[in-house]
$ cat data_20.txt   # compact mmCIF, C-alpha atoms
# COMPACT_ATOMS: atom_id res chain seq x y z
CA MET F 1 18.82 64.73 -39.15
CA ASP F 2 20.33 64.85 -35.67
CA ILE F 3 20.22 61.72 -33.54
CA ASN F 4 20.71 61.00 -29.85
CA VAL F 5 23.76 58.95 -28.88
CA TRP F 6 24.65 57.14 -25.67
CA ILE F 7 28.00 55.56 -24.76
CA VAL F 8 27.54 52.53 -22.50
CA LYS F 9 30.50 51.09 -20.60
CA ARG F 10 31.27 47.48 -21.47
CA THR F 11 32.24 46.60 -17.90
CA ASP F 12 29.09 47.48 -15.96
CA GLY F 13 26.51 49.07 -18.28
CA THR F 14 27.00 52.59 -16.95
CA ILE F 15 25.95 55.32 -19.37
CA SER F 16 29.14 57.37 -19.52
CA THR F 17 28.05 59.85 -22.20
CA PHE F 18 24.84 61.28 -23.58
CA SER F 19 25.17 63.50 -26.65
CA THR F 20 23.78 64.19 -30.09
CA SER F 21 25.28 63.71 -33.53
CA SER F 22 24.74 65.82 -36.64
CA SER F 23 27.15 63.80 -38.78
CA TRP F 24 26.73 60.03 -38.81
CA GLU F 25 26.32 56.98 -41.03
CA ILE F 26 24.66 53.71 -40.02
CA ASN F 27 25.93 50.89 -42.20
CA ARG F 28 24.92 47.31 -41.43
CA ASP F 29 25.54 44.17 -43.47
CA TYR F 30 25.36 40.78 -41.76
CA LEU F 31 27.47 39.18 -44.51
CA THR F 32 30.39 41.61 -44.53
CA ASN F 33 30.40 43.09 -40.99
CA GLU F 34 30.30 46.71 -42.13
CA LYS F 35 31.15 49.64 -39.81
CA SER F 36 29.09 52.67 -38.80
CA THR F 37 30.45 56.11 -37.92
CA PHE F 38 29.31 58.79 -35.47
CA ALA F 39 30.76 62.26 -34.87
CA LEU F 40 29.40 63.46 -31.51
CA ASN F 41 28.51 67.11 -30.99
CA ASP F 42 29.97 67.10 -27.45
CA SER F 43 32.95 65.62 -25.66
CA TYR F 44 32.56 61.98 -24.67
CA ASN F 45 33.98 59.23 -22.49
CA ALA F 46 34.46 56.04 -24.52
CA GLU F 47 36.89 53.19 -25.01
CA LYS F 48 37.25 50.51 -27.66
CA GLY F 49 34.84 47.70 -26.78
CA ASP F 50 32.22 49.96 -25.19
CA PHE F 51 28.72 50.06 -26.66
CA ILE F 52 27.18 52.90 -28.64
CA LEU F 53 23.43 53.40 -28.89
CA ALA F 54 21.75 55.72 -31.39
CA LYS F 55 18.07 56.72 -31.47
CA ALA F 56 16.10 59.27 -33.48
CA GLU F 57 15.98 62.63 -31.70
CA ARG F 58 12.77 63.73 -30.04
CA HIS F 59 11.32 67.10 -30.96
CA ASP F 60 11.25 68.16 -27.32
CA VAL F 61 14.13 68.50 -24.87
CA VAL F 62 16.06 65.28 -24.35
CA SER F 63 17.80 64.86 -21.02
CA GLY F 64 18.49 61.15 -20.75
CA PHE F 65 17.87 57.64 -21.95
CA TYR F 66 14.51 56.43 -23.31
CA ASP F 67 13.79 52.72 -23.17
CA THR F 68 12.17 50.66 -25.88
CA SER F 69 8.66 51.31 -24.58
CA SER F 70 8.88 54.70 -26.29
CA ASN F 71 7.91 55.07 -29.93
CA ILE F 72 11.36 56.39 -30.90
CA PRO F 73 13.11 53.57 -32.82
CA ILE F 74 16.59 52.35 -32.00
CA LEU F 75 18.65 53.10 -35.09
CA PHE F 76 21.82 51.31 -34.01
CA LEU F 77 23.35 49.48 -31.08
CA GLY F 78 26.85 48.20 -31.62
CA VAL F 79 30.39 47.80 -30.33
CA ILE F 80 32.98 50.59 -30.60
CA ASP F 81 35.78 49.31 -32.82
CA ALA F 82 38.06 52.34 -33.29
CA PHE F 83 38.40 56.12 -33.25
CA ASP F 84 39.24 58.06 -36.41
CA GLY F 85 39.65 61.78 -35.81
CA ASP F 86 36.25 63.05 -34.67
CA ASN F 87 34.53 59.81 -35.67
CA ILE F 88 33.61 56.86 -33.49
CA ILE F 89 33.75 53.68 -35.59
CA ALA F 90 31.38 50.90 -34.50
CA CYS F 91 30.54 47.33 -35.57
CA ASP F 92 27.39 45.24 -35.27
CA ILE F 93 26.65 43.55 -31.94
CA TYR F 94 27.84 40.14 -33.17
CA ASN F 95 31.37 41.55 -33.21
CA LEU F 96 31.41 40.67 -29.51
CA VAL F 97 32.41 37.17 -30.62
CA ASN F 98 35.04 38.15 -33.17
CA PHE F 99 37.46 35.44 -32.01
CA ASP F 100 38.30 31.85 -32.89
CA PHE F 101 36.86 28.68 -31.44
CA ALA F 102 37.34 24.96 -32.15
CA ALA F 103 34.66 24.08 -34.70
CA THR F 104 33.85 20.41 -35.20
CA LYS F 105 31.61 18.39 -37.47
CA LYS F 106 28.11 18.94 -36.20
CA THR F 107 24.66 17.85 -37.29
CA GLY F 108 21.48 18.45 -35.35
CA THR F 109 17.82 19.39 -35.32
CA SER F 110 18.14 22.94 -33.91
CA PHE F 111 20.67 25.40 -35.25
CA GLU F 112 19.17 28.01 -32.92
CA GLY F 113 19.90 25.83 -29.91
CA HIS F 114 23.38 25.05 -31.25
CA ILE F 115 24.29 28.74 -31.51
CA TYR F 116 22.82 29.41 -28.07
CA THR F 117 25.07 26.71 -26.61
CA LEU F 118 28.16 28.08 -28.38
CA LEU F 119 27.50 31.66 -27.21
CA GLN F 120 26.88 30.47 -23.67
CA TYR F 121 30.15 28.54 -23.52
CA TYR F 122 32.53 30.74 -25.49
CA PHE F 123 31.14 34.14 -24.54
CA LEU F 124 28.84 34.33 -21.52
CA ASN F 125 30.85 31.83 -19.45
CA ASP F 126 34.19 33.47 -20.30
CA THR F 127 34.65 36.44 -17.97
CA SER F 128 37.70 37.54 -19.96
CA LYS F 129 35.29 38.55 -22.78
CA ILE F 130 33.50 40.99 -20.38
CA PRO F 131 29.97 39.71 -21.04
CA ALA F 132 28.59 41.38 -17.90
CA ILE F 133 25.67 43.39 -19.34
CA ILE F 134 24.72 41.02 -22.17
CA GLN F 135 21.87 38.57 -21.83
CA ILE F 136 21.23 35.90 -24.48
CA SER F 137 18.04 33.99 -25.19
CA ARG F 138 16.70 32.09 -28.17
CA ASP F 139 13.37 31.99 -29.94
CA ALA F 140 12.30 28.43 -29.16
CA ALA F 141 9.36 28.52 -31.60
CA ILE F 142 11.59 27.55 -34.54
CA ASN F 143 14.12 24.72 -34.73
CA THR F 144 16.17 24.41 -37.90
CA ALA F 145 18.01 21.23 -38.89
CA HIS F 146 21.67 21.99 -39.49
CA SER F 147 24.93 20.48 -40.58
CA TYR F 148 28.53 21.70 -40.54
CA GLN F 149 31.25 19.54 -42.06
CA PRO F 150 34.75 21.09 -41.91
CA GLN F 151 37.58 19.26 -43.65
CA ASN F 152 39.55 19.06 -40.42
CA ASN F 153 37.95 18.06 -37.15
CA PRO F 154 38.34 20.23 -35.15
CA THR F 155 39.29 23.34 -37.10
CA SER F 156 39.99 26.85 -35.80
CA THR F 157 37.09 29.05 -36.96
CA ASN F 158 36.15 32.66 -36.29
CA LEU F 159 32.83 32.68 -34.42
CA VAL F 160 31.55 35.72 -36.36
CA ASP F 161 32.28 33.86 -39.60
CA TYR F 162 30.40 30.86 -38.18
CA LEU F 163 27.39 33.09 -37.44
CA ILE F 164 27.55 34.55 -40.95
CA ASN F 165 27.61 31.05 -42.44
CA GLY F 166 24.56 30.17 -40.35
CA PHE F 167 22.77 33.29 -41.57
CA LYS F 168 23.47 32.39 -45.20
CA LYS F 169 22.24 28.82 -44.74
CA TYR F 170 19.35 29.20 -42.28
CA ASN F 171 18.52 32.95 -42.05
CA THR F 172 19.35 32.84 -38.34
CA VAL F 173 20.69 35.99 -36.66
CA TRP F 174 21.97 37.01 -33.26
CA GLU F 175 20.67 40.50 -32.54
CA VAL F 176 19.54 42.99 -29.90
CA SER F 177 15.99 42.28 -28.74
CA ASN F 178 15.44 44.71 -25.85
CA LEU F 179 17.09 47.19 -23.51
CA THR F 180 16.56 47.37 -19.77
CA TYR F 181 17.33 50.68 -18.06
CA SER F 182 17.74 50.79 -14.30
CA LYS F 183 18.99 53.33 -11.84
CA PRO F 184 21.61 54.32 -11.09
CA ASN F 185 22.14 55.09 -14.78
CA LYS F 186 22.78 51.55 -15.99
CA LEU F 187 21.75 49.54 -19.02
CA THR F 188 21.34 45.80 -19.70
CA ILE F 189 21.38 44.62 -23.31
CA GLU F 190 19.07 41.71 -24.08
CA THR F 191 19.88 39.74 -27.23
CA GLU F 192 18.17 36.85 -28.97
CA ILE F 193 18.97 34.15 -31.50
CA ARG F 194 16.22 34.20 -34.12
CA THR F 195 15.45 32.54 -37.43
CA LYS F 196 13.59 35.15 -39.45
CA THR F 197 10.28 34.36 -41.12
CA ARG F 198 8.61 37.76 -41.66
CA SER F 199 8.14 38.55 -45.34
CA ILE F 200 7.38 41.60 -47.47
CA ARG F 201 6.61 42.09 -51.18
CA LEU F 202 8.27 44.96 -53.04
CA LYS F 203 8.01 45.98 -56.69
CA ASN F 204 10.36 48.22 -58.61
CA ASN F 205 7.59 50.44 -60.01
CA ALA F 206 6.86 52.14 -56.67
CA TYR F 207 7.38 55.90 -56.41
CA ASP F 208 9.50 55.56 -53.26
CA PHE F 209 12.31 53.60 -54.98
CA ALA F 210 15.37 54.74 -56.95
CA ASP F 211 18.66 53.45 -58.38
CA TRP F 212 17.98 49.73 -58.71
CA ASP F 213 20.89 47.32 -59.32
CA VAL F 214 20.17 43.62 -59.87
CA TYR F 215 22.98 41.09 -60.32
CA VAL F 216 22.25 37.40 -60.82
CA THR F 217 24.26 34.20 -60.73
CA PRO F 218 22.04 31.33 -61.95
CA VAL F 219 21.60 28.82 -59.14
CA GLY F 220 24.09 25.99 -59.60
CA ARG F 221 26.50 27.71 -61.97
CA ASP F 222 28.92 29.03 -59.37
CA LEU F 223 27.51 27.39 -56.24
CA GLU F 224 26.82 23.73 -55.37
CA ASN F 225 23.51 22.41 -56.69
CA LYS F 226 23.92 18.67 -56.10
CA LEU F 227 24.19 17.02 -52.70
CA LEU F 228 25.36 13.49 -51.93
CA ILE F 229 24.61 12.29 -48.40
CA VAL F 230 27.00 9.50 -47.40
CA PRO F 231 27.35 7.64 -44.09
CA ALA F 232 30.13 8.39 -41.63
CA GLY F 233 32.71 5.63 -41.76
CA MET F 234 32.29 4.92 -45.47
CA ASN F 235 35.59 3.42 -46.64
CA ASN F 236 35.29 2.84 -50.37
CA SER F 237 35.31 5.87 -52.66
CA GLU F 238 35.19 3.69 -55.77
CA ILE F 239 31.87 2.13 -54.78
CA PRO F 240 30.43 4.76 -52.41
CA THR F 241 27.40 4.23 -50.22
CA VAL F 242 25.00 7.05 -51.04
CA LEU F 243 22.15 7.44 -48.59
CA SER F 244 20.36 10.16 -50.54
CA THR F 245 20.87 12.49 -53.51
CA TRP F 246 19.37 15.96 -53.89
CA TYR F 247 19.41 18.72 -56.51
CA LEU F 248 18.71 22.43 -56.25
CA THR F 249 16.77 23.86 -59.19
CA MET F 250 17.25 27.28 -60.76
CA ASN F 251 14.11 28.33 -58.88
CA GLY F 252 15.67 27.45 -55.55
CA GLU F 253 13.59 24.31 -55.04
CA LEU F 254 14.87 20.90 -53.91
CA THR F 255 14.31 17.75 -55.94
CA GLN F 256 15.64 14.18 -55.85
CA SER F 257 15.48 13.74 -59.61
CA ILE F 258 17.45 15.75 -62.12
CA ASN F 259 15.35 17.69 -64.61
CA GLU F 260 15.56 20.59 -67.05
CA SER F 261 15.41 23.16 -64.24
CA VAL F 262 18.71 21.97 -62.75
CA TYR F 263 21.72 23.85 -64.09
CA LEU F 264 24.24 21.60 -65.87
CA PRO F 265 26.94 20.61 -65.32
CA THR F 266 26.12 20.23 -61.64
CA LYS F 267 28.49 21.15 -58.81
CA THR F 268 28.54 18.50 -56.10
CA LYS F 269 28.69 18.87 -52.34
CA VAL F 270 29.07 15.92 -49.96
CA ASN F 271 27.48 15.62 -46.52
CA VAL F 272 28.89 13.00 -44.15
CA PHE F 273 25.89 11.76 -42.16
CA ASP F 274 26.20 10.14 -38.75
CA THR F 275 23.49 7.49 -38.72
CA THR F 276 24.08 6.72 -35.01
CA GLN F 277 23.28 10.18 -33.66
CA ASP F 278 20.25 10.85 -31.50
CA ASN F 279 17.43 12.98 -32.95
CA LYS F 280 19.07 12.90 -36.35
CA PRO F 281 17.51 15.11 -39.04
CA SER F 282 15.82 13.72 -42.12
CA TYR F 283 17.67 13.68 -45.44
CA LEU F 284 15.37 16.46 -46.64
CA GLU F 285 16.34 18.59 -43.64
CA VAL F 286 20.01 17.96 -44.40
CA ALA F 287 19.48 18.98 -48.02
CA GLN F 288 17.68 22.14 -46.93
CA SER F 289 20.59 22.90 -44.64
CA GLU F 290 23.34 22.23 -47.15
CA LEU F 291 21.83 23.62 -50.37
CA ALA F 292 18.93 25.95 -49.63
CA GLY F 293 21.09 28.95 -48.74
CA ASN F 294 22.47 28.92 -52.28
CA ASN F 295 19.13 29.94 -53.77
CA TYR F 296 19.83 33.60 -52.94
CA ALA F 297 22.33 33.64 -55.81
CA HIS F 298 21.74 37.30 -56.55
CA GLU F 299 22.34 40.76 -55.18
CA ILE F 300 19.58 43.35 -55.37
CA SER F 301 20.13 46.88 -54.11
CA PHE F 302 18.12 50.07 -54.32
CA ASN F 303 17.36 53.29 -52.50
CA ILE F 304 14.07 53.89 -50.75
CA LYS F 305 12.81 57.11 -49.22
CA LEU F 306 13.42 57.39 -45.48
CA ASP F 307 9.83 58.52 -44.94
CA ASN F 308 8.30 55.69 -46.98
CA THR F 309 5.36 53.63 -45.72
CA LEU F 310 6.32 50.35 -47.43
CA LEU F 311 9.30 49.61 -45.19
CA PRO F 312 9.81 52.32 -42.53
CA ILE F 313 12.98 52.40 -40.46
CA GLN F 314 11.35 50.91 -37.38
CA GLU F 315 10.44 47.80 -39.40
CA LEU F 316 13.92 47.20 -40.82
CA GLU F 317 15.40 43.88 -39.75
CA ILE F 318 18.34 41.88 -41.01
CA GLY F 319 16.96 38.60 -42.34
CA LEU F 320 13.64 40.05 -43.50
CA LEU F 321 12.37 37.83 -46.32
CA GLY F 322 11.35 39.58 -49.50
CA GLU F 323 9.51 38.76 -52.68
CA ILE F 324 11.19 41.28 -54.95
CA VAL F 325 9.43 41.94 -58.25
CA TYR F 326 11.81 43.44 -60.80
CA GLY F 327 10.22 43.83 -64.21
CA ASN F 328 8.96 40.37 -65.15
CA THR F 329 11.24 38.55 -62.70
CA ILE F 330 10.34 37.57 -59.14
CA PHE F 331 13.18 37.00 -56.68
CA ARG F 332 12.75 35.29 -53.34
CA SER F 333 15.33 37.15 -51.35
CA VAL F 334 16.52 38.19 -47.90
CA LEU F 335 17.56 41.59 -46.54
CA THR F 336 21.23 41.33 -45.61
CA GLY F 337 22.06 44.99 -45.00
CA TYR F 338 21.12 48.64 -45.14
CA ARG F 339 22.78 52.06 -44.97
CA PHE F 340 21.61 55.62 -44.31
CA SER F 341 23.23 58.75 -42.93
CA SER F 342 22.62 62.22 -41.53
CA GLY F 343 22.48 63.86 -44.95
CA ASP F 344 20.27 61.29 -46.69
CA LYS F 345 16.68 61.43 -47.82
CA TYR F 346 16.94 57.80 -48.91
CA MET F 347 18.19 54.61 -47.29
CA TYR F 348 20.12 52.00 -49.25
CA LEU F 349 18.90 48.40 -48.96
CA LYS F 350 20.84 45.29 -49.97
CA TRP F 351 19.18 41.93 -50.63
CA GLY F 352 20.57 38.47 -51.49
CA HIS F 353 23.80 36.61 -50.75
CA VAL F 354 26.02 37.34 -53.76
CA ARG F 355 28.91 39.70 -53.04
CA SER F 356 32.17 39.34 -54.96
CA THR F 357 30.98 36.85 -57.60
CA LEU F 358 28.59 39.07 -59.55
CA SER F 359 28.24 37.75 -63.08
CA GLU F 360 25.15 39.10 -64.84
CA ILE F 361 23.27 42.37 -64.51
CA LEU F 362 19.60 42.52 -65.36
CA PRO F 363 18.59 45.49 -67.51

$ encode --input "data_20.txt" --output "structure tokens"
Amino acid sequence: MDINVWIVKRTDGTISTFSTSSSWEINRDYLTNEKSTFALNDSYNAEKGDFILAKAERHDVVSGFYDTSSNIPILFLGVIDAFDGDNIIACDIYNLVNFDFAATKKTGTSFEGHIYTLLQYYFLNDTSKIPAIIQISRDAAINTAHSYQPQNNPTSTNLVDYLINGFKKYNTVWEVSNLTYSKPNKLTIETEIRTKTRSIRLKNNAYDFADWDVYVTPVGRDLENKLLIVPAGMNNSEIPTVLSTWYLTMNGELTQSINESVYLPTKTKVNVFDTTQDNKPSYLEVAQSELAGNNYAHEISFNIKLDNTLLPIQELEIGLLGEIVYGNTIFRSVLTGYRFSSGDKYMYLKWGHVRSTLSEILP
């Protein structure tokens, strides 16, 4: 399948190249920052840091850019990272903030607002990052309690890694939301901070699926499943002041009492809670923040036909929640990545948060 490709200049949004590509691979994974490749059929004008936009090709003659009001889905919009022979190598849009910042201990009632503030300060307000054509908003309908407790305060932290950590804990993403095209030949990229809530149910007996792989790490065996919330300023580790204790069950549920569904021996995590802060979250919200991301202790991957009706390309979204039925097991999962290319009849979907710690494969 050929696709249409535009190169957009980072400095002012000018469309410097319009071409097509017969050889390409779109590879996205919010956890591992994968790279996509495009070999353009014509000569092009592009530099590292420019944007590349890919859309499905129309069946009629294409002479320019089509905005999002058309029914042709955007397949990819990312940042050019490198050039390898005939290939343009590109990363996801969040690679715009692939730099360090001073991360501090932070607890609050809106992770979405927290990320919005960070991106405003460290990216939009820093002209040296060339943010000219990027606009950032946030979905104010959802506010997620959050907590970040580095060992050192402050500590130098990569902002992409910080976003990935937020995705794993709260299912919050920073992504392209819309494109605005204006003459003369310029593009503005609108982005939004969103916590995903849309859900889909998929079962492994459908005709459209192939090549299932399911790896599972029981919740609590390799990841923390016990949380102690202690006050800031506590000064006696022998007789600690514990404000609240929480456990994460094998089913991914939170409880304050240990029971047979909690994996033993537990692995403990400590949250230092500032009781003097304004608008402080509840202990339950802290527990949800600190432990709930660990319930995706699995990796599920499979191929699905590109022309399927269960999850068509235009409905793909990183962070999509899924109830995945595999045999007699039901997994509550999240779509972290997908991959498809010019020669494929299937697209490859990846669910769950496990990557390098795979321990058990389900038959």

$ residues_around --input "data_20.txt" --residues "Lys106 (chain F)" --least-positions-apart "3" --cutoff "10 Å" --atoms "all atoms listed in the file" --output "list in words"
Ala103, Phe111, His114, His146, Ser147, Tyr148, Gln149, Pro150, Asn153, Val272, Phe273 and Asp274 of chain F

$ closest_residue --input "data_20.txt" --among "F:Gly252, F:Pro73, F:Gly337, F:Gly13" --to "Thr32 (chain F)" --atoms "all atoms listed in the file"
F:Gly337

$ atom_distance --input "data_20.txt" --atom1 "CA of Phe38 (chain F)" --atom2 "CA of Asn87 (chain F)"
5.3 Å

$ closest_residue --input "data_20.txt" --among "F:Ser36, F:Ser156, F:Asn95, F:Ser16" --to "Glu175 (chain F)" --atoms "only C-alpha atoms"
F:Asn95

$ atom_distance --input "data_20.txt" --atom1 "CA of Asp86 (chain F)" --atom2 "CA of Lys48 (chain F)"
14.4 Å

$ residues_around --input "data_20.txt" --residues "region 131-144 of chain F" --least-positions-apart "4" --cutoff "7 Å" --atoms "all atoms listed in the file" --output "PyMOL selection string"
chain F and resi 11-13+109-112+116+123-124+127+188-195
